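Student: My structure file start_6.txt, compact mmCIF, C-alpha atoms, is below:
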# COMPACT_ATOMS: atom_id res chain seq x y z
CA MET A 747 57.28 64.37 17.09
CA ALA A 748 58.65 61.34 18.92
CA ARG A 749 58.09 58.01 17.22
CA SER A 750 56.98 54.88 19.06
CA ILE A 751 57.46 51.26 18.05
CA GLU A 752 53.71 50.65 18.31
CA SER A 753 52.86 53.57 16.02
CA ASP A 754 55.44 52.42 13.46
CA VAL A 755 54.01 48.89 13.43
CA ALA A 756 50.52 50.34 12.99
CA ALA A 757 51.72 52.62 10.19
CA VAL A 758 53.23 49.72 8.24
CA SER A 759 50.05 47.67 8.77
CA ARG A 760 48.06 50.41 7.00
CA LEU A 761 50.15 50.21 3.84
CA GLU A 762 48.18 48.16 1.31
CA ALA A 763 51.29 47.46 -0.77
CA VAL A 764 53.38 45.79 1.98
CA PRO A 765 51.74 42.30 1.93
CA THR A 766 52.07 42.32 -1.85
CA ILE A 767 55.72 43.35 -1.67
CA LEU A 768 56.53 40.54 0.78
CA ARG A 769 54.77 38.03 -1.48
CA VAL A 770 56.77 39.21 -4.48
CA VAL A 771 60.01 38.95 -2.45
CA THR A 772 59.17 35.35 -1.55
CA GLU A 773 58.11 34.36 -5.06
CA THR A 774 61.08 36.05 -6.74
CA THR A 775 63.88 34.95 -4.40
CA GLY A 776 62.51 31.58 -3.30
CA LEU A 777 63.00 32.58 0.34
CA ARG A 778 59.84 31.45 2.08
CA PHE A 779 59.91 33.83 5.03
CA SER A 780 59.95 37.60 4.53
CA VAL A 781 59.42 40.43 6.98
CA VAL A 782 59.48 44.20 7.37
CA ALA A 783 61.26 44.79 10.68
CA ARG A 784 61.49 47.96 12.78
CA VAL A 785 65.01 47.98 14.19
CA THR A 786 66.43 50.30 16.84
CA GLN A 787 69.56 50.20 18.98
CA GLY A 788 67.79 47.97 21.50
CA THR A 789 64.74 46.45 19.76
CA TRP A 790 63.71 44.29 16.81
CA THR A 791 59.98 44.27 16.01
CA ALA A 792 58.13 42.56 13.16
CA CYS A 793 55.82 45.06 11.39
CA ALA A 794 54.56 42.75 8.61
CA VAL A 795 55.24 39.07 7.95
CA HIS A 796 54.87 36.59 5.09
CA ASP A 797 55.56 33.11 6.46
CA GLU A 798 55.44 29.88 4.42
CA ILE A 799 57.74 27.85 6.69
CA ALA A 800 55.98 28.24 10.06
CA PHE A 801 58.86 30.35 11.37
CA GLY A 802 56.52 31.48 14.12
CA LEU A 803 56.67 35.28 14.02
CA LYS A 804 53.73 37.59 13.48
CA ALA A 805 53.31 41.34 13.28
CA GLY A 806 54.11 42.96 16.62
CA ASP A 807 56.42 40.16 17.83
CA HIS A 808 59.89 40.96 19.13
CA LEU A 809 63.33 39.35 18.90
CA ASP A 810 66.49 40.09 20.84
CA VAL A 811 68.12 42.49 18.38
CA ALA A 812 71.59 41.36 19.43
CA THR A 813 70.84 37.86 18.11
CA THR A 814 69.86 39.12 14.64
CA LEU A 815 71.83 40.12 11.57
CA CYS A 816 69.55 43.16 11.32
CA SER A 817 71.66 44.80 14.01
CA GLU A 818 74.66 44.56 11.68
CA VAL A 819 72.66 46.12 8.84
CA ARG A 820 71.60 48.89 11.24
CA ASP A 821 75.21 49.58 12.21
CA SER A 822 76.66 49.45 8.69
CA TYR A 823 73.67 50.79 6.68
CA THR A 824 74.53 48.20 4.02
CA PRO A 825 72.67 45.05 2.89
CA ILE A 826 73.65 41.55 3.98
CA VAL A 827 73.32 38.73 1.45
CA ILE A 828 74.03 35.06 2.27
CA ASN A 829 73.60 32.27 -0.28
CA HIS A 830 74.64 29.30 1.87
CA ALA A 831 75.46 30.14 5.49
CA SER A 832 77.10 26.83 6.47
CA GLN A 833 79.55 27.15 3.57
CA ASP A 834 80.11 30.89 3.85
CA PRO A 835 83.63 31.73 5.18
CA HIS A 836 82.27 34.45 7.46
CA TYR A 837 78.86 33.12 8.49
CA CYS A 838 79.63 29.40 8.83
CA THR A 839 80.65 30.03 12.47
CA HIS A 840 78.23 32.90 13.11
CA ARG A 841 75.69 32.15 15.83
CA THR A 842 72.66 33.78 14.11
CA PRO A 843 72.19 31.31 11.20
CA LYS A 844 72.49 28.40 13.62
CA LEU A 845 70.18 30.03 16.19
CA TYR A 846 67.37 30.64 13.68
CA GLY A 847 68.08 27.68 11.41
CA PHE A 848 68.55 29.39 8.03
CA GLU A 849 70.98 28.86 5.17
CA SER A 850 69.97 31.73 2.86
CA TYR A 851 69.29 35.28 3.97
CA ILE A 852 69.00 38.81 2.63
CA ALA A 853 68.35 42.09 4.46
CA VAL A 854 68.21 45.62 3.01
CA PRO A 855 67.89 48.80 5.11
CA ILE A 856 64.85 51.11 4.88
CA PHE A 857 65.55 54.84 5.09
CA LEU A 858 62.73 57.34 5.49
CA LYS A 859 62.53 60.52 3.42
CA ASN A 860 64.28 62.55 6.14
CA GLY A 861 67.22 60.10 6.12
CA GLU A 862 66.18 58.36 9.33
CA TYR A 863 66.91 54.63 9.47
CA PHE A 864 63.67 52.72 10.04
CA GLY A 865 64.55 49.03 9.80
CA ASN A 866 64.98 46.33 7.18
CA VAL A 867 63.25 44.29 4.55
CA CYS A 868 64.46 40.76 5.29
CA ALA A 869 63.95 37.28 3.87
CA LEU A 870 65.36 33.88 4.82
CA ASP A 871 64.97 30.17 4.18
CA PRO A 872 66.32 26.91 5.70
CA LEU A 873 67.60 25.97 2.22
CA PRO A 874 70.43 27.60 0.23
CA ALA A 875 69.50 30.05 -2.52
CA LYS A 876 71.30 32.07 -5.18
CA LEU A 877 70.89 35.65 -4.01
CA GLU A 878 74.10 37.50 -4.85
CA GLU A 879 72.87 38.52 -8.27
CA PRO A 880 72.69 42.26 -8.94
CA LYS A 881 69.02 42.12 -9.98
CA VAL A 882 68.01 40.46 -6.68
CA VAL A 883 69.75 43.05 -4.53
CA ALA A 884 68.45 45.86 -6.77
CA MET A 885 64.90 44.56 -6.44
CA MET A 886 65.18 44.42 -2.64
CA LYS A 887 66.55 47.98 -2.52
CA LEU A 888 63.69 49.16 -4.72
CA PHE A 889 61.14 47.49 -2.42
CA ALA A 890 62.79 49.12 0.60
CA ASP A 891 62.48 52.50 -1.13
CA LEU A 892 58.84 51.82 -2.04
CA ILE A 893 57.99 50.96 1.57
CA ALA A 894 59.75 54.08 2.85
CA LEU A 895 58.00 56.34 0.34
CA GLN A 896 54.57 54.88 0.98
CA LEU A 897 55.15 55.04 4.74
CA ASP A 898 56.03 58.72 4.51
CA ALA A 899 53.06 59.42 2.21
CA GLU A 900 50.63 57.47 4.41
CA GLN A 901 51.75 59.22 7.58
CA ARG A 902 51.57 62.64 5.98
CA GLN A 903 48.17 61.98 4.46
CA GLU A 904 46.82 60.81 7.81
CA ALA A 905 48.12 63.98 9.39
CA THR A 906 46.60 66.20 6.70
CA ARG A 907 43.24 64.44 7.00
CA GLU A 908 43.18 65.23 10.71
CA GLN A 909 44.10 68.85 9.95
CA LEU A 910 41.31 69.18 7.40
CA LEU A 911 38.74 67.82 9.83
CA ASN A 912 39.83 70.29 12.50
CA GLU A 913 37.31 73.13 12.58
CA GLN A 914 39.96 75.39 14.15
CA GLN A 915 42.22 75.23 11.08
CA THR A 916 43.72 78.60 10.24
CA SER A 917 44.54 80.15 6.91
CA GLU A 918 48.27 79.89 7.64
CA LEU A 919 47.98 76.15 8.25
CA ARG A 920 46.11 75.74 4.96
CA GLU A 921 48.95 77.47 3.12
CA GLN A 922 51.46 75.13 4.73
CA PHE A 923 49.22 72.20 3.88
CA ILE A 924 49.27 73.08 0.17
CA ALA A 925 53.07 73.13 0.27
CA VAL A 926 53.14 69.69 1.93
CA LEU A 927 50.75 68.25 -0.65
CA GLY A 928 52.45 69.81 -3.61
CA HIS A 929 55.95 68.67 -2.74
CA ASP A 930 56.19 66.24 0.14
CA LEU A 931 53.39 63.95 -1.08
CA ARG A 932 53.50 64.33 -4.86
CA ASN A 933 57.21 63.60 -5.13
CA PRO A 934 57.15 60.36 -3.10
CA LEU A 935 54.05 59.17 -4.94
CA SER A 936 55.76 59.86 -8.26
CA SER A 937 58.71 57.76 -7.10
CA VAL A 938 56.41 54.91 -6.09
CA LEU A 939 54.69 54.98 -9.48
CA MET A 940 58.04 55.15 -11.27
CA GLY A 941 59.27 52.14 -9.29
CA ALA A 942 56.14 50.15 -10.13
CA ASP A 943 56.47 51.04 -13.82
CA THR A 944 60.12 49.95 -13.74
CA LEU A 945 59.15 46.58 -12.28
CA LEU A 946 56.45 46.12 -14.91
CA ARG A 947 59.05 46.55 -17.65
CA ALA A 948 61.06 43.68 -16.16
CA GLN A 949 60.55 40.06 -17.16
CA LEU A 950 58.05 39.17 -14.44
CA ALA A 951 55.63 36.28 -14.49
CA GLU A 952 51.96 37.15 -14.97
CA ARG A 953 51.11 36.71 -11.29
CA GLU A 954 53.99 38.97 -10.24
CA SER A 955 52.99 41.57 -12.85
CA ARG A 956 49.45 41.52 -11.51
CA ILE A 957 50.71 42.15 -7.98
CA VAL A 958 52.92 45.05 -9.07
CA ARG A 959 50.02 46.53 -11.03
CA ARG A 960 48.05 46.47 -7.79
CA ILE A 961 50.82 48.49 -6.12
CA ARG A 962 50.68 50.98 -8.98
CA GLU A 963 46.90 51.35 -8.74
CA SER A 964 47.09 51.91 -4.95
CA SER A 965 49.59 54.69 -5.57
CA ARG A 966 47.41 56.21 -8.26
CA ARG A 967 44.48 56.20 -5.87
CA MET A 968 46.57 58.06 -3.29
CA SER A 969 47.62 60.53 -5.99
CA ARG A 970 43.99 61.21 -6.87
CA LEU A 971 43.25 61.91 -3.20
CA VAL A 972 46.11 64.40 -3.15
CA ASP A 973 44.75 66.09 -6.29
CA ASP A 974 41.30 66.41 -4.71
CA VAL A 975 42.63 67.93 -1.52
CA MET A 976 44.90 70.34 -3.40
CA ASP A 977 41.94 71.58 -5.48
CA PHE A 978 39.92 72.05 -2.32
CA ALA A 979 42.70 73.82 -0.44
CA ARG A 980 43.58 76.17 -3.31
CA ALA A 981 39.95 77.16 -3.75
CA LYS A 982 39.51 77.69 0.01
CA LEU A 983 42.42 80.12 -0.09
CA GLY A 984 40.53 82.25 -2.61
CA GLY A 985 41.90 81.10 -5.95
CA GLY A 986 38.85 79.10 -7.00
CA ILE A 987 38.88 76.15 -9.41
CA SER A 988 41.15 77.24 -12.25
CA LEU A 989 40.18 76.54 -15.87
CA SER A 990 42.07 76.44 -19.16
CA MET A 991 39.28 76.93 -21.70
CA ALA A 992 39.71 75.89 -25.31
CA PRO A 993 37.59 74.27 -28.05
CA VAL A 994 37.96 70.47 -27.82
CA ASP A 995 38.23 68.61 -31.14
CA ASP A 996 36.05 65.75 -29.94
CA LEU A 997 35.06 65.63 -26.27
CA ALA A 998 33.71 62.08 -26.70
CA VAL A 999 37.18 60.78 -27.58
CA SER A 1000 38.73 62.44 -24.51
CA LEU A 1001 36.07 61.07 -22.17
CA ARG A 1002 36.25 57.60 -23.70
CA HIS A 1003 39.93 57.57 -22.74
CA ILE A 1004 38.99 58.38 -19.12
CA VAL A 1005 36.49 55.51 -19.11
CA SER A 1006 39.13 53.12 -20.50
CA GLU A 1007 41.54 54.02 -17.69
CA LEU A 1008 38.83 53.38 -15.10
CA GLU A 1009 37.98 50.04 -16.72
CA SER A 1010 41.64 49.03 -16.44
CA ALA A 1011 41.69 50.04 -12.77
CA HIS A 1012 38.45 48.12 -12.06
CA PRO A 1013 38.54 45.02 -14.31
CA GLU A 1014 35.87 43.33 -12.19
CA ARG A 1015 33.30 46.05 -13.03
CA ILE A 1016 31.41 46.91 -16.22
CA ILE A 1017 31.43 50.53 -17.39
CA ARG A 1018 29.31 51.21 -20.48
CA PHE A 1019 29.99 54.33 -22.55
CA ALA A 1020 27.72 55.84 -25.20
CA ALA A 1021 28.37 59.22 -26.82
CA ASP A 1022 27.21 61.55 -29.54
CA GLU A 1023 29.84 63.32 -31.60
CA CYS A 1024 30.80 66.41 -29.61
CA THR A 1025 33.23 68.55 -31.59
CA GLY A 1026 34.28 72.10 -30.85
CA VAL A 1027 33.00 72.13 -27.26
CA LEU A 1028 34.43 75.09 -25.35
CA CYS A 1029 35.61 73.75 -21.99
CA ASP A 1030 38.61 72.73 -19.94
CA ARG A 1031 39.13 69.19 -21.21
CA GLU A 1032 41.25 68.09 -18.24
CA ARG A 1033 38.75 69.42 -15.70
CA VAL A 1034 35.77 67.80 -17.45
CA GLY A 1035 37.76 64.55 -17.47
CA GLN A 1036 38.37 64.99 -13.73
CA LEU A 1037 34.64 65.58 -13.21
CA LEU A 1038 33.81 62.37 -15.08
CA SER A 1039 36.49 60.37 -13.22
CA ASN A 1040 35.10 61.50 -9.85
CA LEU A 1041 31.52 60.71 -10.84
CA VAL A 1042 32.40 57.23 -12.10
CA ALA A 1043 34.53 56.52 -9.01
CA ASN A 1044 31.54 57.54 -6.87
CA ALA A 1045 29.23 55.28 -8.91
CA LEU A 1046 31.61 52.32 -8.59
CA GLU A 1047 31.89 52.80 -4.83
CA HIS A 1048 28.20 53.23 -4.04
CA GLY A 1049 26.51 51.21 -6.80
CA GLU A 1050 25.75 47.49 -6.75
CA SER A 1051 28.97 45.61 -7.52
CA GLY A 1052 27.23 43.26 -9.95
CA GLU A 1053 25.57 46.04 -11.93
CA PRO A 1054 27.11 48.15 -14.72
CA VAL A 1055 27.84 51.85 -14.54
CA ASP A 1056 26.50 53.78 -17.55
CA VAL A 1057 28.19 56.90 -18.94
CA GLN A 1058 26.27 58.84 -21.58
CA LEU A 1059 27.40 61.97 -23.45
CA ARG A 1060 24.65 63.72 -25.45
CA ARG A 1061 24.68 66.79 -27.68
CA THR A 1062 21.52 68.87 -27.77
CA ALA A 1063 20.75 72.06 -29.69
CA ASP A 1064 22.41 74.28 -27.10
CA SER A 1065 24.03 71.99 -24.53
CA VAL A 1066 26.38 69.11 -23.87
CA VAL A 1067 24.94 66.71 -21.29
CA LEU A 1068 27.08 64.14 -19.44
CA THR A 1069 25.27 61.58 -17.27
CA VAL A 1070 26.70 58.84 -15.01
CA THR A 1071 24.21 56.27 -13.73
CA ASN A 1072 24.59 53.39 -11.28
CA ARG A 1073 22.12 50.86 -9.84
CA GLY A 1074 21.63 50.18 -6.17
CA ALA A 1075 19.87 51.54 -3.12
CA PRO A 1076 18.47 55.01 -3.87
CA ILE A 1077 19.78 58.10 -2.13
CA PRO A 1078 17.31 59.34 0.51
CA PRO A 1079 15.70 62.61 -0.64
CA GLU A 1080 16.84 64.43 2.48
CA THR A 1081 20.46 63.48 1.73
CA ILE A 1082 20.61 64.77 -1.86
CA PRO A 1083 21.03 68.47 -0.88
CA LEU A 1084 24.06 67.49 1.24
CA LEU A 1085 25.92 65.44 -1.37
CA PHE A 1086 28.12 68.24 -2.68
CA ARG A 1087 29.33 69.48 0.69
CA PRO A 1088 33.03 68.90 1.48
CA TYR A 1089 33.89 65.83 3.56
CA ARG A 1090 30.51 64.30 2.76
CA ARG A 1091 30.99 60.49 2.54
CA GLY A 1092 28.86 57.39 2.54
CA PRO A 1093 26.61 56.37 5.44
CA ALA A 1094 28.01 54.79 8.59
CA GLY A 1095 29.15 51.24 7.96
CA HIS A 1096 29.85 51.91 4.29
CA PRO A 1097 33.52 51.45 3.20
CA ARG A 1098 35.21 54.84 3.05
CA THR A 1099 37.97 55.08 0.46
CA GLY A 1100 38.40 58.85 0.19
CA LEU A 1101 38.18 62.14 2.03
CA GLY A 1102 34.68 63.00 0.84
CA LEU A 1103 35.82 65.74 -1.56
CA GLY A 1104 35.08 64.11 -4.92
CA LEU A 1105 31.49 65.32 -5.41
CA TYR A 1106 32.31 68.71 -3.93
CA ILE A 1107 35.01 69.20 -6.58
CA VAL A 1108 32.60 67.93 -9.26
CA SER A 1109 30.15 70.69 -8.31
CA GLU A 1110 32.87 73.35 -8.34
CA ILE A 1111 34.12 72.27 -11.79
CA ALA A 1112 30.55 72.44 -13.08
CA ARG A 1113 30.03 75.91 -11.57
CA ALA A 1114 33.37 77.20 -12.88
CA HIS A 1115 32.20 76.20 -16.39
CA GLY A 1116 28.91 78.00 -15.90
CA GLY A 1117 27.16 74.64 -15.98
CA THR A 1118 24.99 72.67 -13.58
CA ILE A 1119 25.16 69.31 -11.80
CA ASP A 1120 21.90 67.55 -10.93
CA VAL A 1121 21.04 64.31 -9.15
CA ALA A 1122 18.07 61.98 -9.60
CA SER A 1123 17.76 58.77 -7.60
CA SER A 1124 15.11 56.05 -7.47
CA ARG A 1125 15.02 52.31 -7.01
CA GLU A 1126 13.58 51.80 -10.49
CA GLN A 1127 15.88 54.14 -12.48
CA GLY A 1128 19.01 54.04 -10.34
CA THR A 1129 21.09 57.07 -9.34
CA ALA A 1130 22.07 59.52 -12.08
CA PHE A 1131 24.42 62.51 -11.82
CA THR A 1132 24.00 64.88 -14.78
CA PHE A 1133 26.42 67.62 -15.80
CA THR A 1134 24.95 70.14 -18.26
CA LEU A 1135 27.19 72.59 -20.13
CA LYS A 1136 25.75 75.23 -22.41
CA SER A 1137 27.57 74.75 -25.72
CA SER A 1138 26.57 78.16 -27.05
CA ALA A 1139 29.00 79.93 -24.70
CA ARG A 1140 31.56 82.00 -26.61
CA SER A 1141 33.64 83.35 -23.78
CA GLU A 1142 35.33 81.84 -20.78
CA PRO A 1143 33.19 81.98 -17.61
CA GLU A 1144 34.49 84.04 -14.75
CA PRO A 1145 36.34 81.97 -12.12
CA ARG A 1146 33.96 80.72 -9.45
CA LYS A 1147 34.90 80.81 -5.81
CA LEU A 1148 34.21 78.03 -3.38
CA ASN A 1149 31.70 78.71 -0.65
CA ALA A 1150 33.27 79.06 2.77
CA SER A 1151 30.58 76.88 4.34
Could you take the file, read its structure, and then write that structure out as structure tokens?

Tutor:
Amino acid sequence: MARSIESDVAAVSRLEAVPTILRVVTETTGLRFSVVARVTQGTWTACAVHDEIAFGLKAGDHLDVATTLCSEVRDSYTPIVINHASQDPHYCTHRTPKLYGFESYIAVPIFLKNGEYFGNVCALDPLPAKLEEPKVVAMMKLFADLIALQLDAEQRQEATREQLLNEQQTSELREQFIAVLGHDLRNPLSSVLMGADTLLRAQLAERESRIVRRIRESSRRMSRLVDDVMDFARAKLGGGISLSMAPVDDLAVSLRHIVSELESAHPERIIRFAADECTGVLCDRERVGQLLSNLVANALEHGESGEPVDVQLRRTADSVVLTVTNRGAPIPPETIPLLFRPYRRGPAGHPRTGLGLGLYIVSEIARAHGGTIDVASSREQGTAFTFTLKSSARSEPEPRKLNAS
């Protein structure tokens, strides 16, 4: 498929991590102008800009590529680093630093997963700066890789979303889609997460660490979307939701860990957890954790932001009951029967952060366990999703198949 400059600029603009990356570049190097540039043989286009010196460029603006150093990076595929242009033996007479009025400059090429050259991550400043340190260049290369990986993942995920919404989708396309998700999206996302973890182990200031953590959480959110779609696609192909049943030493401990992870990902929200001791429960611990994670994510998205989300795990004589409750506008009664259909998302005008598969997968995990998932919603009591698992079961339930509808 042919690429266009406009589509590339739009693709970069959709990457949540890019503004954060450009801020970190500026704060770490001291260069007060940073940009992600799409560079071709004949064009230079700004895709994203962080400007603290009123340089005057914004996303979508163009420069004559022949007047930029980016053209040299494009031709050589190697970074350019300048500490002090007017004192540099090579660049003191070069027209570009004089034309754009900078003394310090760094540019690193961005290569997409297929090896295609995309453009550069650049930064510059009218004042000199010490940039020729290995850690600075290494950081810029890592950011270039992160942008390339997220760009590939974003573009592929957008394409797969369109495929999933296409009612004409064939079984062969679904098989290909699983392969894309399993390899072409998981691997880049793993690299993004690894890069973020590497940065967090460095000696970063608290503000920089907070920004990198945001990058990591965005990547984790994308990874969860991939997991949801893979579960859906596998089940649609006839395999059903797979389970690995075993007695769990203490289900409350496992689910408390899930809640702690969600609290870390949403520090601005309150998630309250109360649990009975639940030892020896026969279930798939990972799948029940996935069910809880999806229910809490749904409660955080649709509940009132100033209200807590309550998670309660109860043990009865013959059942284990897991309930997630949020406060906010009640769900209309006519909508409740539709909640567990695939691609079902919030009402028009409500922020949409997923593909609408979370509750569908919750219902399939419950059914695969031989359990039930129920919903009760009122203005007075809030909205409660309740998963009930019979604890007297002694054998693994037969795999359940997803409905084709």

Student: To one decimal place, how far is atom CA of A:Ile1111 from atom CA of A:Ala998 in Å?

Tutor: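 Computing it gives 18.1 Å between the two atoms.
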
Student: Atom CA of A:Glu1032 and atom CA of A:Val1057, how far apart in Å?

Tutor: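 For atom CA of A:Val1057 relative to atom CA of A:Glu1032, the distance reads 17.2 Å.
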
Student: Choose the residue, out of A:Ile1119, A:Cys793, A:Leu971, A:Val999, that has the smallest atom-to-atom separation from A:Pro1083; count all atoms listed in the file.

Tutor: A:Ile1119

Student: Identify which of the residues A:Pro855, A:Gly1049, A:Pro843, A:Gly865 lies closest to A:Val758, counting all atoms listed in the file when measuring atom-to-atom distances.

Tutor: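 Once distances to A:Val758 are computed over all atoms listed in the file, the minimum belongs to A:Gly865.
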
Student: Mind giving me the straight-line distance from atom CA of A:Glu1009 to atom CA of A:Ser1123 in Å, one decimal?

Tutor: 23.8 Å

Student: Using only C-alpha atoms, find the one residue out of A:Pro1013, A:Gly1117, A:Gly776, A:Pro1078 that sits nearest to A:Ala869.

Tutor: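 Closest candidate: A:Gly776.
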
Student: Tell me which protein, DNA and RNA residues are within 12 Å of A:Val994, counting all atoms listed in the file, leaving out same-chain ones fewer than 3 positions away, and put them as a ChimeraX atom specification.

Tutor: /A:990-991,997-1001,1023-1032,1034-1035,1137

Student: Quick one: of A:Ala800, A:Ala1045, A:Ala794, A:Ala1112, who's nearest to A:Gly1074, counting only C-alpha atoms?

Tutor: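 Nearest candidate to A:Gly1074 out of A:Ala800, A:Ala1045, A:Ala794, A:Ala1112: A:Ala1045.
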
Student: Identify which of the residues A:Ala1075, A:Ile987, A:Val1108, A:Cys816 lies closest to A:Leu1037, counting all atoms listed in the file when measuring atom-to-atom distances.

Tutor: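 Checking each candidate against A:Leu1037, we get A:Val1108 as the closest.
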
Student: So, counting only C-alpha atoms, which residue among A:Arg1113, A:Arg960, A:His1048, A:His840 is closest to A:Pro765?

Tutor: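 Of A:Arg1113, A:Arg960, A:His1048, A:His840, the one nearest A:Pro765 is A:Arg960, counting only C-alpha atoms.
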
Student: Write out as number ranges by chain which residues come within 12 Å of A:Ala756 when counting only C-alpha atoms, dropping same-chain ones fewer than 2 positions away.

Tutor: A: 749-754, 758-761, 784, 791-794, 805-806, 897, 900-901

Student: Applying 8 Å and all atoms listed in the file, which residues near A:Asp943 remain after dropping the ones on its own chain fewer than 4 positions away? List them as an mmCIF file with C-alpha atoms, in the frame of the given file.

Tutor:
data_model
loop_
_atom_site.group_PDB
_atom_site.id
_atom_site.type_symbol
_atom_site.label_atom_id
_atom_site.label_comp_id
_atom_site.auth_asym_id
_atom_site.auth_seq_id
_atom_site.Cartn_x
_atom_site.Cartn_y
_atom_site.Cartn_z
ATOM 1 C CA LEU A 939 54.690 54.980 -9.480
ATOM 2 C CA ARG A 947 59.050 46.550 -17.650
ATOM 3 C CA ARG A 962 50.680 50.980 -8.980
#

Student: Do a neighbour search on A:Phe857 at 12 Å with only C-alpha atoms, toss out local chain neighbours closer than 3 positions, and write the hits as number ranges by chain.

Tutor: A: 784-785, 819-820, 823-824, 854, 860-867, 887-898

Student: Using only C-alpha atoms, tabulate the residues of stretch 748-814 of chain A lying at most 12 Å from any atom of stretch 826-836 of chain A, each with its closest atom pair and that distance in Å to one decimal, by chain and increasing residue number, as CSV.

Tutor:
residue,atom,partner,partner_atom,distance
A:Thr775,CA,A:Asn829,CA,10.9
A:Gly776,CA,A:Asn829,CA,11.5
A:Leu777,CA,A:Asn829,CA,10.6
A:Thr814,CA,A:Ile826,CA,11.6

Student: Give me, as a PyMOL selection string, all polymer residues having an atom no more than 9 Å from A:Thr774, counting all atoms listed in the file and skipping those fewer than 3 positions away in the same chain.

Tutor: chain A and resi 769-771+777+882+950+954

Student: I need the residues from that last selection saved to file as a PDB file, in the coordinates of the input (with C-alpha atoms), if you can.

Tutor:
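See selection_23.pdb below for the written result:
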ATOM      1  CA  ARG A 769      54.770  38.030  -1.480  1.00  0.00           C
ATOM      2  CA  VAL A 770      56.770  39.210  -4.480  1.00  0.00           C
ATOM      3  CA  VAL A 771      60.010  38.950  -2.450  1.00  0.00           C
ATOM      4  CA  LEU A 777      63.000  32.580   0.340  1.00  0.00           C
ATOM      5  CA  VAL A 882      68.010  40.460  -6.680  1.00  0.00           C
ATOM      6  CA  LEU A 950      58.050  39.170 -14.440  1.00  0.00           C
ATOM      7  CA  GLU A 954      53.990  38.970 -10.240  1.00  0.00           C
TER       8      GLU A 954
END
